Amino acid sequence: MSVTTAAGEEIGDPEAGREAFKECAACHEIGAGAENGIGPHLNLIFGRQAGSLEDYVYSPSLKRMGANGLVWDLRTLDAYIENPQSLVSGTRMSYPGMGDPDRRADLLAYLRKFSADPANIPEAAPTALPTKPDLDPEILAIEGDPAYGAYLSSECTTCHRRDGSDEGIPSITHWPEEDFVAAMHAYKQKLRPHPVMQMIAGRLSDEEIAALAAYFANPEQ
Amino acid sequence: MSLNRRDFLGASAAAAVMMAAPRVNGQARPHVVVVGGGAGGATAARYIAKDSKGAIDVTLIEPTRTYYTCFFSNLYIGDFRTLDSLAHSYGTLASEYGINVVHDWATGVDRDAKEVALAGGGRVGYDALVLSPGIDFVEGSVPGWDITAQNKMPHSYKAGSQTELLKAQVLSMREGGVYCMVAPPNPYRCPPGPYERVSMVAHQFKQNNPTATILILDPKPKFSKQALFEEGWQKHYPGMIQRLGPDFGGGNVEVRPDSMEVVIDGSPEKVDVCNVIPAQKAGRICHEAGLTEGNWAPVVPATMQSRMDENVYILGDATSQGDMPKSGYSANSQAKAAAMAIRGALTDARTFPPRYSNTCWSLIAPEDGVKVGASYEPTEEKIAKTDGFISATGEDAAQRKATYEESLGWYSGITSDMFG
Ligand SMILES: Cc1cc2nc3c(=O)[nH]c(=O)nc-3n(C[C@H](O)[C@H](O)[C@H](O)COP(=O)(O)OP(=O)(O)OC[C@H]3O[C@@H](n4cnc5c(N)ncnc54)[C@H](O)[C@@H]3O)c2cc1C
């Protein structure tokens, strides 16, 4: 039996990352009771504005980057660890950089364990990487299938009313299919601004958008 | 087809031609029992009944005849909703979806016999069991408080009479009095909930008792949407709200309901209203059924099956699943994944990968709404966050108003998704 999962990918292996962290440990502490040393402690680093710990004296360059809006997340930390100077010229972090992307991924997975948990602080950084909808050919073959659309629609009906009423949230029933598809792709490409819709559309494949359009064109069937 | 098919996700498109048919071996229709008719349980019952088109019998066990949503109960405290508008009945689930709604408490689960015992004395057999009992409180987590004190110091963290009581206390508080909230430690139901409540209480005071103050005693160093709430409090309620985090004794609190005192790091303070939100754990039935590890019930990320019993699916606040916050939106999203998994296991219905998402709206002041949301995917280990967004500080009034109006739409959407 073929198995299709929408399984998020782990960032890396945090156990291997613990090993990799030894390179950082001369300057940085992490975990319970971690304090600033030569470098700042790394607890709660994800989502932290660069240069924002009150009791650590940063280089002016790092402070400036923080004031300009640099926030530490998977992407920015990865770039910084790969080559600190490329992201923050003039940083005092005198570290030549970690070239191996897998090793960096492991390190990031380890660091991520010491930041806020999205279950408690929903705005906390992701803990896994999204997998692109990796549909096997059997599922791709059911393109436009209203039954698939009906299943997918259950994600929409937490907010949108299936009966078509619109109170605060627009109606999505009985749209011409082309309009529906065009709108969803506009969200997917972040042309339309609404963040909830950008997120929802962002992980729908073309086939899934088509199936939803087919279903919502005539949801009573 | 065996019930314990873990790889149901793979149910291929070929198998899919056999839509929701009765079990192939021709036995009686499979029977699903759902315990708890809230955000998780009502949604699961409705989706299983609706999508199986009669191929599965569904029994919903829920003691109350009227479900008051916790979501928007803070808005009732701020006078933005009536209590009636938060009340929902199970009539449509029974009449339109053919669900057998039993108003009783489940008191235990015999997992070997696959039977649920009811307080009223009955026993109900199941092929698959769904537990969505919400939360209970951890005894002793706030010294001095227990359930017998909830009339003097309400938690209002289960909606209905507790919410009415807290609102009455807020409205009748003496001029210039102190409203104290003892906030819960992580993890708990609705991460922004206590802070939305503070906003709504502050709004009441601003109208009716402008010299009143609010004291939050918080064991957590950080909380959800903190920057947005703090910006809003500064703007709408300057000087009214003070929060003591763990560095200032917020984590070392005892209460004395008889004298209406809170003891912060050893020093007693008189307060006028005291809203104690204790530490939380999975609803009692999960513990009774032997499905918990510590305070919560661990589940398989892709299906919401209990890690300890593949015939039991656990939803919502009671679970430990990973990154999803304990919210009504999460419970509703998880219920749909479980409903699909159950139909796949019991009837050969087509199944697809689960799609988990969440959005939490909070109201800070009239027409000043904010939101935070994320999408999630199952990994082996947990349901993991993969993407998200949050309202920005400094947004203009029109955008905040639109966000509030969107939350009204969400309320009507999710409640009709739960109750039909
Ligand atoms: C103040 C406040 C504000 C909130 N605001 C929001 C919000 O804006 N958005 C949001 O998404 N979420 C919000 N929430 C969270 C939301 O209410 C919960 O996360 C959600 O209700 C969880 O669903 P559930 O199915 O796990 O539990 P519940 O909805 O609590 O349902 C559990 C049901 O099980 C029943 N039950 C328990 N034990 C048994 C038993 N032994 N036998 C039979 N029945 C039983 C109970 O009577 C209850 O009806 C808020 C919560 C609070 C307290």
# chains A, B, ... in the order shown; residues from 1 in each chain; ligands from 1
call {"tool": "residues_near_ligand", "arguments": {"ligand": "ligand 1", "cutoff": "7 Å", "atoms": "only C-alpha atoms and all ligand atoms", "output": "VMD selection string"}}
result
chain B and resid 35 to 41 61 to 64 67 69 to 74 104 to 107 132 to 135 156 to 159 189 to 190 193 to 194 197 283 to 285 315 to 318 326 to 331 359 to 362
call {"tool": "select_by_dssp", "arguments": {"residues": "chain A", "states": "alpha helix (DSSP H)", "output": "VMD selection string"}}
result
chain A and resid 14 to 20 60 to 67 74 to 82 84 to 87 101 to 112 137 to 140 146 to 156 177 to 188 195 to 202 206 to 217
call {"tool": "residues_around", "arguments": {"residues": "range 89-94 of chain A", "least_positions_apart": "5", "cutoff": "7 Å", "atoms": "only C-alpha atoms", "output": "list in words"}}
result
Ser59, Ser61, Leu62 and Pro84 of chain A
call {"tool": "write_last_selection", "arguments": {"atoms": "all heavy atoms", "output": "compact mmCIF listing (two decimals), in the first residue's frame"}}
result
# COMPACT_ATOMS: atom_id res chain seq x y z
N SER A 59 28.02 44.29 19.97
CA SER A 59 28.74 45.18 19.06
C SER A 59 27.72 46.16 18.47
O SER A 59 26.55 45.82 18.33
CB SER A 59 29.37 44.37 17.93
OG SER A 59 28.35 43.80 17.12
N SER A 61 27.39 46.96 15.52
CA SER A 61 26.83 46.42 14.26
C SER A 61 25.63 45.54 14.53
O SER A 61 24.62 45.62 13.83
CB SER A 61 27.87 45.57 13.53
OG SER A 61 29.11 46.19 13.55
N LEU A 62 25.76 44.67 15.52
CA LEU A 62 24.66 43.76 15.81
C LEU A 62 23.45 44.54 16.33
O LEU A 62 22.32 44.28 15.96
CB LEU A 62 25.09 42.68 16.81
CG LEU A 62 24.18 41.46 16.71
CD1 LEU A 62 24.59 40.59 15.54
CD2 LEU A 62 24.19 40.66 17.98
N PRO A 84 29.10 34.48 9.78
CA PRO A 84 28.60 35.63 10.56
C PRO A 84 28.78 36.96 9.83
O PRO A 84 27.87 37.78 9.81
CB PRO A 84 29.45 35.58 11.84
CG PRO A 84 29.87 34.15 11.97
CD PRO A 84 30.01 33.64 10.57
call {"tool": "residues_around", "arguments": {"residues": "Gly232 in chain B", "least_positions_apart": "3", "cutoff": "12 Å", "atoms": "only C-alpha atoms", "output": "ChimeraX atom specification"}}
result
/B:195-196,198-200,202-203,225-229,235-241,362-370,392-395,397,400
call {"tool": "closest_atom_pairs", "arguments": {"of": "chain A", "to": "chain B", "cutoff": "9 Å", "atoms": "only C-alpha atoms", "output": "Markdown table"}}
result
| residue | atom | partner | partner_atom | distance |
| --- | --- | --- | --- | --- |
| A:Met1 | CA | B:Gly10 | CA | 6.4 |
| A:Ser2 | CA | B:Gly10 | CA | 5.5 |
| A:Val3 | CA | B:Gly10 | CA | 3.9 |
| A:Thr4 | CA | B:Gly10 | CA | 5.4 |
| A:Thr5 | CA | B:Pro353 | CA | 5.4 |
| A:Ala6 | CA | B:Pro353 | CA | 5.6 |
| A:Ala7 | CA | B:Pro378 | CA | 5.0 |
| A:Gly8 | CA | B:Glu377 | CA | 4.8 |
| A:Glu9 | CA | B:Thr379 | CA | 6.7 |
| A:Glu10 | CA | B:Thr379 | CA | 7.3 |
| A:Ala116 | CA | B:Lys222 | CA | 8.8 |
| A:Asp117 | CA | B:Asp323 | CA | 6.6 |
| A:Pro118 | CA | B:Asp323 | CA | 5.1 |
| A:Ala119 | CA | B:Pro325 | CA | 3.9 |
| A:Asn120 | CA | B:Pro187 | CA | 5.8 |
| A:Ile121 | CA | B:Ser224 | CA | 4.6 |
| A:Pro122 | CA | B:Pro325 | CA | 6.5 |
| A:Glu123 | CA | B:Ile390 | CA | 6.3 |
| A:Ala124 | CA | B:Gly388 | CA | 8.6 |
| A:Ala125 | CA | B:Lys385 | CA | 7.9 |
| A:Pro126 | CA | B:Lys385 | CA | 4.7 |
| A:Thr127 | CA | B:Lys385 | CA | 5.4 |
| A:Ala128 | CA | B:Thr386 | CA | 5.3 |
| A:Leu129 | CA | B:Thr386 | CA | 5.3 |
| A:Pro130 | CA | B:Thr386 | CA | 5.0 |
| A:Thr131 | CA | B:Glu377 | CA | 8.3 |
| A:Glu138 | CA | B:Ala13 | CA | 5.7 |
| A:Ile139 | CA | B:Ala13 | CA | 6.1 |
| A:Ala141 | CA | B:Ala13 | CA | 8.5 |
| A:Ile142 | CA | B:Ala13 | CA | 7.7 |
| A:Tyr148 | CA | B:Phe352 | CA | 8.4 |
| A:Tyr151 | CA | B:Phe352 | CA | 8.2 |
| A:Leu152 | CA | B:Arg355 | CA | 8.3 |
| A:Ser154 | CA | B:Lys336 | CA | 7.2 |
| A:Glu155 | CA | B:Ser333 | CA | 7.1 |
| A:Thr157 | CA | B:Gly413 | CA | 6.3 |
| A:Thr158 | CA | B:Ile414 | CA | 4.6 |
| A:Cys159 | CA | B:Trp410 | CA | 4.3 |
| A:His160 | CA | B:Gly413 | CA | 5.4 |
| A:Arg161 | CA | B:Gly413 | CA | 5.1 |
| A:Arg162 | CA | B:Gly413 | CA | 8.1 |
| A:Asp166 | CA | B:Gly409 | CA | 7.2 |
| A:Glu167 | CA | B:Gly409 | CA | 4.9 |
| A:Gly168 | CA | B:Glu406 | CA | 4.4 |
| A:Ile169 | CA | B:Gly409 | CA | 5.0 |
| A:Pro170 | CA | B:Gly409 | CA | 8.4 |
| A:Pro195 | CA | B:Phe389 | CA | 6.5 |
| A:Val196 | CA | B:Gly373 | CA | 7.1 |
| A:Met199 | CA | B:Gly388 | CA | 7.0 |
| A:Ile200 | CA | B:Ser375 | CA | 7.5 |
| A:Arg203 | CA | B:Ser375 | CA | 8.9 |
call {"tool": "select_by_dssp", "arguments": {"residues": "range 11-218 of chain A", "states": "strand (DSSP E or B)", "output": "number ranges by chain"}}
result
A: 49, 71, 128-129
call {"tool": "write_last_selection", "arguments": {"atoms": "N, CA, C and O atoms", "output": "short mmCIF file (atom, residue, chain, number, x, y, z; two decimals), in the first residue's frame"}}
result
data_model
loop_
_atom_site.label_atom_id
_atom_site.label_comp_id
_atom_site.auth_asym_id
_atom_site.auth_seq_id
_atom_site.Cartn_x
_atom_site.Cartn_y
_atom_site.Cartn_z
N GLN A 49 14.65 39.59 18.88
CA GLN A 49 15.24 40.62 18.02
C GLN A 49 16.75 40.62 18.25
O GLN A 49 17.21 40.52 19.40
N VAL A 71 15.43 39.68 13.10
CA VAL A 71 14.90 38.80 14.14
C VAL A 71 15.48 37.41 13.89
O VAL A 71 15.59 36.98 12.74
N ALA A 128 9.28 22.72 12.79
CA ALA A 128 9.54 21.78 11.69
C ALA A 128 9.41 22.54 10.38
O ALA A 128 8.88 23.64 10.33
N LEU A 129 9.91 21.93 9.33
CA LEU A 129 9.82 22.54 8.01
C LEU A 129 8.63 21.92 7.28
O LEU A 129 8.43 20.71 7.35
#
call {"tool": "residues_around", "arguments": {"residues": "Tyr95 in chain A", "least_positions_apart": "5", "cutoff": "12 Å", "atoms": "only C-alpha atoms", "output": "list in words"}}
result
Glu23, Cys24, Ala26, Cys27, Gly39, Tyr80, Ile81, Glu82, Asn83, Pro84, Gln85, Ser86 and Gly90 of chain A
call {"tool": "residues_around", "arguments": {"residues": "range 251-264 of chain B", "least_positions_apart": "6", "cutoff": "9 Å", "atoms": "only C-alpha atoms", "output": "PDB file with all heavy atoms, in the first residue's frame"}}
result
ATOM      1  N   VAL B 142      -2.592  26.049  43.269  1.00  0.00           N
ATOM      2  CA  VAL B 142      -2.561  27.368  43.912  1.00  0.00           C
ATOM      3  C   VAL B 142      -2.915  27.115  45.382  1.00  0.00           C
ATOM      4  O   VAL B 142      -4.074  26.873  45.707  1.00  0.00           O
ATOM      5  CB  VAL B 142      -3.587  28.334  43.277  1.00  0.00           C
ATOM      6  CG1 VAL B 142      -3.571  29.690  44.003  1.00  0.00           C
ATOM      7  CG2 VAL B 142      -3.308  28.526  41.788  1.00  0.00           C
ATOM      8  N   PRO B 143      -1.932  27.127  46.272  1.00  0.00           N
ATOM      9  CA  PRO B 143      -2.221  26.790  47.677  1.00  0.00           C
ATOM     10  C   PRO B 143      -3.343  27.668  48.227  1.00  0.00           C
ATOM     11  O   PRO B 143      -3.369  28.869  47.986  1.00  0.00           O
ATOM     12  CB  PRO B 143      -0.888  27.067  48.393  1.00  0.00           C
ATOM     13  CG  PRO B 143       0.151  26.959  47.313  1.00  0.00           C
ATOM     14  CD  PRO B 143      -0.515  27.427  46.047  1.00  0.00           C
ATOM     15  N   GLY B 144      -4.265  27.037  48.930  1.00  0.00           N
ATOM     16  CA  GLY B 144      -5.403  27.760  49.493  1.00  0.00           C
ATOM     17  C   GLY B 144      -6.658  27.671  48.635  1.00  0.00           C
ATOM     18  O   GLY B 144      -7.751  27.948  49.100  1.00  0.00           O
ATOM     19  N   TRP B 145      -6.485  27.293  47.352  1.00  0.00           N
ATOM     20  CA  TRP B 145      -7.644  27.227  46.450  1.00  0.00           C
ATOM     21  C   TRP B 145      -8.009  25.778  46.188  1.00  0.00           C
ATOM     22  O   TRP B 145      -7.127  24.948  45.926  1.00  0.00           O
ATOM     23  CB  TRP B 145      -7.312  27.902  45.115  1.00  0.00           C
ATOM     24  CG  TRP B 145      -8.529  28.149  44.236  1.00  0.00           C
ATOM     25  CD1 TRP B 145      -9.255  29.304  44.183  1.00  0.00           C
ATOM     26  CD2 TRP B 145      -9.144  27.244  43.298  1.00  0.00           C
ATOM     27  NE1 TRP B 145     -10.285  29.172  43.278  1.00  0.00           N
ATOM     28  CE2 TRP B 145     -10.247  27.912  42.721  1.00  0.00           C
ATOM     29  CE3 TRP B 145      -8.889  25.933  42.902  1.00  0.00           C
ATOM     30  CZ2 TRP B 145     -11.077  27.323  41.768  1.00  0.00           C
ATOM     31  CZ3 TRP B 145      -9.717  25.340  41.946  1.00  0.00           C
ATOM     32  CH2 TRP B 145     -10.802  26.032  41.385  1.00  0.00           C
ATOM     33  N   ALA B 149     -13.699  26.601  46.826  1.00  0.00           N
ATOM     34  CA  ALA B 149     -13.490  28.056  46.898  1.00  0.00           C
ATOM     35  C   ALA B 149     -13.937  28.755  45.620  1.00  0.00           C
ATOM     36  O   ALA B 149     -13.825  29.970  45.504  1.00  0.00           O
ATOM     37  CB  ALA B 149     -12.010  28.348  47.149  1.00  0.00           C
ATOM     38  N   GLN B 150     -14.458  27.990  44.650  1.00  0.00           N
ATOM     39  CA  GLN B 150     -14.677  28.604  43.329  1.00  0.00           C
ATOM     40  C   GLN B 150     -15.843  29.593  43.308  1.00  0.00           C
ATOM     41  O   GLN B 150     -16.009  30.317  42.349  1.00  0.00           O
ATOM     42  CB  GLN B 150     -14.845  27.537  42.247  1.00  0.00           C
ATOM     43  CG  GLN B 150     -16.143  26.765  42.298  1.00  0.00           C
ATOM     44  CD  GLN B 150     -16.337  25.893  41.048  1.00  0.00           C
ATOM     45  OE1 GLN B 150     -15.394  25.601  40.327  1.00  0.00           O
ATOM     46  NE2 GLN B 150     -17.562  25.478  40.794  1.00  0.00           N
ATOM     47  N   LYS B 152     -16.171  31.930  45.814  1.00  0.00           N
ATOM     48  CA  LYS B 152     -15.542  33.186  46.272  1.00  0.00           C
ATOM     49  C   LYS B 152     -14.495  33.643  45.266  1.00  0.00           C
ATOM     50  O   LYS B 152     -14.353  34.829  45.002  1.00  0.00           O
ATOM     51  CB  LYS B 152     -14.856  32.953  47.626  1.00  0.00           C
ATOM     52  CG  LYS B 152     -15.847  32.838  48.767  1.00  0.00           C
ATOM     53  CD  LYS B 152     -15.150  33.185  50.089  1.00  0.00           C
ATOM     54  CE  LYS B 152     -16.141  33.255  51.228  1.00  0.00           C
ATOM     55  NZ  LYS B 152     -16.176  32.024  52.021  1.00  0.00           N
ATOM     56  N   MET B 153     -13.727  32.690  44.778  1.00  0.00           N
ATOM     57  CA  MET B 153     -12.654  33.021  43.836  1.00  0.00           C
ATOM     58  C   MET B 153     -12.853  32.192  42.570  1.00  0.00           C
ATOM     59  O   MET B 153     -12.275  31.124  42.415  1.00  0.00           O
ATOM     60  CB  MET B 153     -11.292  32.727  44.464  1.00  0.00           C
ATOM     61  CG  MET B 153     -10.978  33.605  45.674  1.00  0.00           C
ATOM     62  SD  MET B 153      -9.255  33.395  46.205  1.00  0.00           S
ATOM     63  CE  MET B 153      -9.088  34.762  47.353  1.00  0.00           C
ATOM     64  N   CYS B 180      -7.847  40.910  41.017  1.00  0.00           N
ATOM     65  CA  CYS B 180      -6.594  40.159  40.908  1.00  0.00           C
ATOM     66  C   CYS B 180      -6.831  38.916  40.066  1.00  0.00           C
ATOM     67  O   CYS B 180      -7.843  38.228  40.232  1.00  0.00           O
ATOM     68  CB  CYS B 180      -6.134  39.760  42.316  1.00  0.00           C
ATOM     69  SG  CYS B 180      -4.675  38.710  42.313  1.00  0.00           S
ATOM     70  N   VAL B 182      -4.942  35.326  39.186  1.00  0.00           N
ATOM     71  CA  VAL B 182      -3.824  34.399  39.330  1.00  0.00           C
ATOM     72  C   VAL B 182      -3.772  33.609  38.024  1.00  0.00           C
ATOM     73  O   VAL B 182      -4.643  32.787  37.750  1.00  0.00           O
ATOM     74  CB  VAL B 182      -4.012  33.472  40.550  1.00  0.00           C
ATOM     75  CG1 VAL B 182      -2.831  32.512  40.669  1.00  0.00           C
ATOM     76  CG2 VAL B 182      -4.178  34.293  41.830  1.00  0.00           C
ATOM     77  N   PRO B 185       0.146  28.379  34.956  1.00  0.00           N
ATOM     78  CA  PRO B 185       1.421  28.024  34.312  1.00  0.00           C
ATOM     79  C   PRO B 185       1.148  27.277  32.998  1.00  0.00           C
ATOM     80  O   PRO B 185       0.064  26.732  32.811  1.00  0.00           O
ATOM     81  CB  PRO B 185       2.066  27.068  35.331  1.00  0.00           C
ATOM     82  CG  PRO B 185       0.904  26.414  36.022  1.00  0.00           C
ATOM     83  CD  PRO B 185      -0.195  27.461  36.059  1.00  0.00           C
ATOM     84  N   LEU B 217      -1.011  38.127  38.635  1.00  0.00           N
ATOM     85  CA  LEU B 217       0.102  37.391  39.247  1.00  0.00           C
ATOM     86  C   LEU B 217       0.396  36.222  38.319  1.00  0.00           C
ATOM     87  O   LEU B 217      -0.458  35.357  38.105  1.00  0.00           O
ATOM     88  CB  LEU B 217      -0.299  36.894  40.635  1.00  0.00           C
ATOM     89  CG  LEU B 217      -0.752  38.024  41.580  1.00  0.00           C
ATOM     90  CD1 LEU B 217      -1.233  37.450  42.905  1.00  0.00           C
ATOM     91  CD2 LEU B 217       0.384  39.019  41.809  1.00  0.00           C
ATOM     92  N   ASP B 218       1.571  36.226  37.739  1.00  0.00           N
ATOM     93  CA  ASP B 218       1.823  35.310  36.621  1.00  0.00           C
ATOM     94  C   ASP B 218       3.082  34.484  36.861  1.00  0.00           C
ATOM     95  O   ASP B 218       4.169  35.039  37.040  1.00  0.00           O
ATOM     96  CB  ASP B 218       1.969  36.132  35.329  1.00  0.00           C
ATOM     97  CG  ASP B 218       1.653  35.318  34.090  1.00  0.00           C
ATOM     98  OD1 ASP B 218       1.849  34.082  34.115  1.00  0.00           O
ATOM     99  OD2 ASP B 218       1.217  35.914  33.095  1.00  0.00           O
ATOM    100  N   PRO B 219       2.953  33.147  36.855  1.00  0.00           N
ATOM    101  CA  PRO B 219       4.146  32.318  37.047  1.00  0.00           C
ATOM    102  C   PRO B 219       5.020  32.223  35.791  1.00  0.00           C
ATOM    103  O   PRO B 219       6.096  31.640  35.846  1.00  0.00           O
ATOM    104  CB  PRO B 219       3.556  30.945  37.391  1.00  0.00           C
ATOM    105  CG  PRO B 219       2.215  30.928  36.739  1.00  0.00           C
ATOM    106  CD  PRO B 219       1.728  32.361  36.756  1.00  0.00           C
ATOM    107  N   LYS B 220       4.561  32.808  34.663  1.00  0.00           N
ATOM    108  CA  LYS B 220       5.294  32.659  33.399  1.00  0.00           C
ATOM    109  C   LYS B 220       6.085  33.918  33.086  1.00  0.00           C
ATOM    110  O   LYS B 220       5.577  35.029  33.241  1.00  0.00           O
ATOM    111  CB  LYS B 220       4.315  32.424  32.238  1.00  0.00           C
ATOM    112  CG  LYS B 220       3.365  31.273  32.451  1.00  0.00           C
ATOM    113  CD  LYS B 220       2.432  31.091  31.261  1.00  0.00           C
ATOM    114  CE  LYS B 220       1.440  32.216  31.058  1.00  0.00           C
ATOM    115  NZ  LYS B 220       0.454  32.356  32.132  1.00  0.00           N
ATOM    116  N   LEU B 244       2.778  41.096  37.705  1.00  0.00           N
ATOM    117  CA  LEU B 244       3.991  40.633  38.373  1.00  0.00           C
ATOM    118  C   LEU B 244       4.347  39.262  37.827  1.00  0.00           C
ATOM    119  O   LEU B 244       3.600  38.296  38.008  1.00  0.00           O
ATOM    120  CB  LEU B 244       3.767  40.541  39.890  1.00  0.00           C
ATOM    121  CG  LEU B 244       3.367  41.824  40.621  1.00  0.00           C
ATOM    122  CD1 LEU B 244       3.285  41.576  42.133  1.00  0.00           C
ATOM    123  CD2 LEU B 244       4.351  42.957  40.336  1.00  0.00           C
ATOM    124  N   GLY B 245       5.452  39.188  37.131  1.00  0.00           N
ATOM    125  CA  GLY B 245       5.937  37.910  36.619  1.00  0.00           C
ATOM    126  C   GLY B 245       6.702  37.171  37.709  1.00  0.00           C
ATOM    127  O   GLY B 245       6.757  37.611  38.860  1.00  0.00           O
ATOM    128  N   LYS B 270      -4.789  42.480  50.368  1.00  0.00           N
ATOM    129  CA  LYS B 270      -6.248  42.422  50.255  1.00  0.00           C
ATOM    130  C   LYS B 270      -6.635  42.689  48.799  1.00  0.00           C
ATOM    131  O   LYS B 270      -6.105  43.615  48.186  1.00  0.00           O
ATOM    132  CB  LYS B 270      -6.861  43.540  51.101  1.00  0.00           C
ATOM    133  CG  LYS B 270      -7.228  43.140  52.509  1.00  0.00           C
ATOM    134  CD  LYS B 270      -8.548  42.424  52.484  1.00  0.00           C
ATOM    135  CE  LYS B 270      -9.243  42.378  53.835  1.00  0.00           C
ATOM    136  NZ  LYS B 270     -10.197  41.255  53.867  1.00  0.00           N
ATOM    137  N   VAL B 271      -7.550  41.893  48.269  1.00  0.00           N
ATOM    138  CA  VAL B 271      -8.081  42.211  46.942  1.00  0.00           C
ATOM    139  C   VAL B 271      -9.600  42.143  46.998  1.00  0.00           C
ATOM    140  O   VAL B 271     -10.164  41.652  47.975  1.00  0.00           O
ATOM    141  CB  VAL B 271      -7.538  41.250  45.855  1.00  0.00           C
ATOM    142  CG1 VAL B 271      -6.023  41.363  45.730  1.00  0.00           C
ATOM    143  CG2 VAL B 271      -7.938  39.806  46.135  1.00  0.00           C
ATOM    144  N   ASP B 272     -10.273  42.632  45.953  1.00  0.00           N
ATOM    145  CA  ASP B 272     -11.736  42.685  45.976  1.00  0.00           C
ATOM    146  C   ASP B 272     -12.364  41.577  45.143  1.00  0.00           C
ATOM    147  O   ASP B 272     -13.393  41.034  45.502  1.00  0.00           O
ATOM    148  CB  ASP B 272     -12.187  44.067  45.490  1.00  0.00           C
ATOM    149  CG  ASP B 272     -11.681  45.149  46.427  1.00  0.00           C
ATOM    150  OD1 ASP B 272     -12.330  45.395  47.450  1.00  0.00           O
ATOM    151  OD2 ASP B 272     -10.586  45.708  46.168  1.00  0.00           O
ATOM    152  N   VAL B 273     -11.751  41.296  44.002  1.00  0.00           N
ATOM    153  CA  VAL B 273     -12.177  40.167  43.183  1.00  0.00           C
ATOM    154  C   VAL B 273     -10.927  39.358  42.913  1.00  0.00           C
ATOM    155  O   VAL B 273      -9.857  39.940  42.666  1.00  0.00           O
ATOM    156  CB  VAL B 273     -12.813  40.637  41.853  1.00  0.00           C
ATOM    157  CG1 VAL B 273     -13.109  39.442  40.946  1.00  0.00           C
ATOM    158  CG2 VAL B 273     -14.078  41.447  42.101  1.00  0.00           C
ATOM    159  N   CYS B 274     -11.056  38.029  42.987  1.00  0.00           N
ATOM    160  CA  CYS B 274      -9.861  37.213  42.739  1.00  0.00           C
ATOM    161  C   CYS B 274     -10.210  36.075  41.793  1.00  0.00           C
ATOM    162  O   CYS B 274     -10.948  35.152  42.139  1.00  0.00           O
ATOM    163  CB  CYS B 274      -9.304  36.675  44.052  1.00  0.00           C
ATOM    164  SG  CYS B 274      -7.673  35.959  43.840  1.00  0.00           S
ATOM    165  N   VAL B 276      -8.972  33.034  40.084  1.00  0.00           N
ATOM    166  CA  VAL B 276      -7.876  32.058  40.169  1.00  0.00           C
ATOM    167  C   VAL B 276      -7.989  31.052  39.027  1.00  0.00           C
ATOM    168  O   VAL B 276      -8.958  30.289  38.956  1.00  0.00           O
ATOM    169  CB  VAL B 276      -7.916  31.312  41.520  1.00  0.00           C
ATOM    170  CG1 VAL B 276      -6.815  30.261  41.573  1.00  0.00           C
ATOM    171  CG2 VAL B 276      -7.777  32.287  42.683  1.00  0.00           C
TER     172      VAL B 276
END
call {"tool": "residues_around", "arguments": {"residues": "Glu164 in chain B", "least_positions_apart": "2", "cutoff": "12 Å", "atoms": "only C-alpha atoms", "output": "PyMOL selection string"}}
result
chain B and resi 68+70+73-79+82-84+86+151+154-162+166-171
call {"tool": "atom_distance", "arguments": {"atom1": "CA of Thr319 in chain B", "atom2": "CA of Val34 in chain B"}}
result
15.2 Å
call {"tool": "decode", "arguments": {"residues": "range 223-241 of chain B", "atoms": "C-alpha atoms", "output": "PDB file, in the first residue's frame"}}
result
ATOM      1  CA  PHE B 223       2.836  35.009  27.465  1.00  0.00           C
ATOM      2  CA  SER B 224       1.049  34.773  24.157  1.00  0.00           C
ATOM      3  CA  LYS B 225       0.656  37.985  22.102  1.00  0.00           C
ATOM      4  CA  GLN B 226       2.443  39.829  24.906  1.00  0.00           C
ATOM      5  CA  ALA B 227       3.645  42.748  22.792  1.00  0.00           C
ATOM      6  CA  LEU B 228       0.166  43.244  21.318  1.00  0.00           C
ATOM      7  CA  PHE B 229      -1.597  43.117  24.679  1.00  0.00           C
ATOM      8  CA  GLU B 230       0.907  45.408  26.375  1.00  0.00           C
ATOM      9  CA  GLU B 231       0.657  47.928  23.561  1.00  0.00           C
ATOM     10  CA  GLY B 232      -3.157  47.796  23.769  1.00  0.00           C
ATOM     11  CA  TRP B 233      -3.251  48.136  27.557  1.00  0.00           C
ATOM     12  CA  GLN B 234      -0.960  51.150  27.386  1.00  0.00           C
ATOM     13  CA  LYS B 235      -3.176  52.734  24.766  1.00  0.00           C
ATOM     14  CA  HIS B 236      -6.651  51.993  26.151  1.00  0.00           C
ATOM     15  CA  TYR B 237      -6.146  51.480  29.894  1.00  0.00           C
ATOM     16  CA  PRO B 238      -3.014  53.396  30.922  1.00  0.00           C
ATOM     17  CA  GLY B 239      -1.998  52.868  34.533  1.00  0.00           C
ATOM     18  CA  MET B 240      -4.779  50.379  35.262  1.00  0.00           C
ATOM     19  CA  ILE B 241      -3.013  47.038  34.783  1.00  0.00           C
TER      20      ILE B 241
END
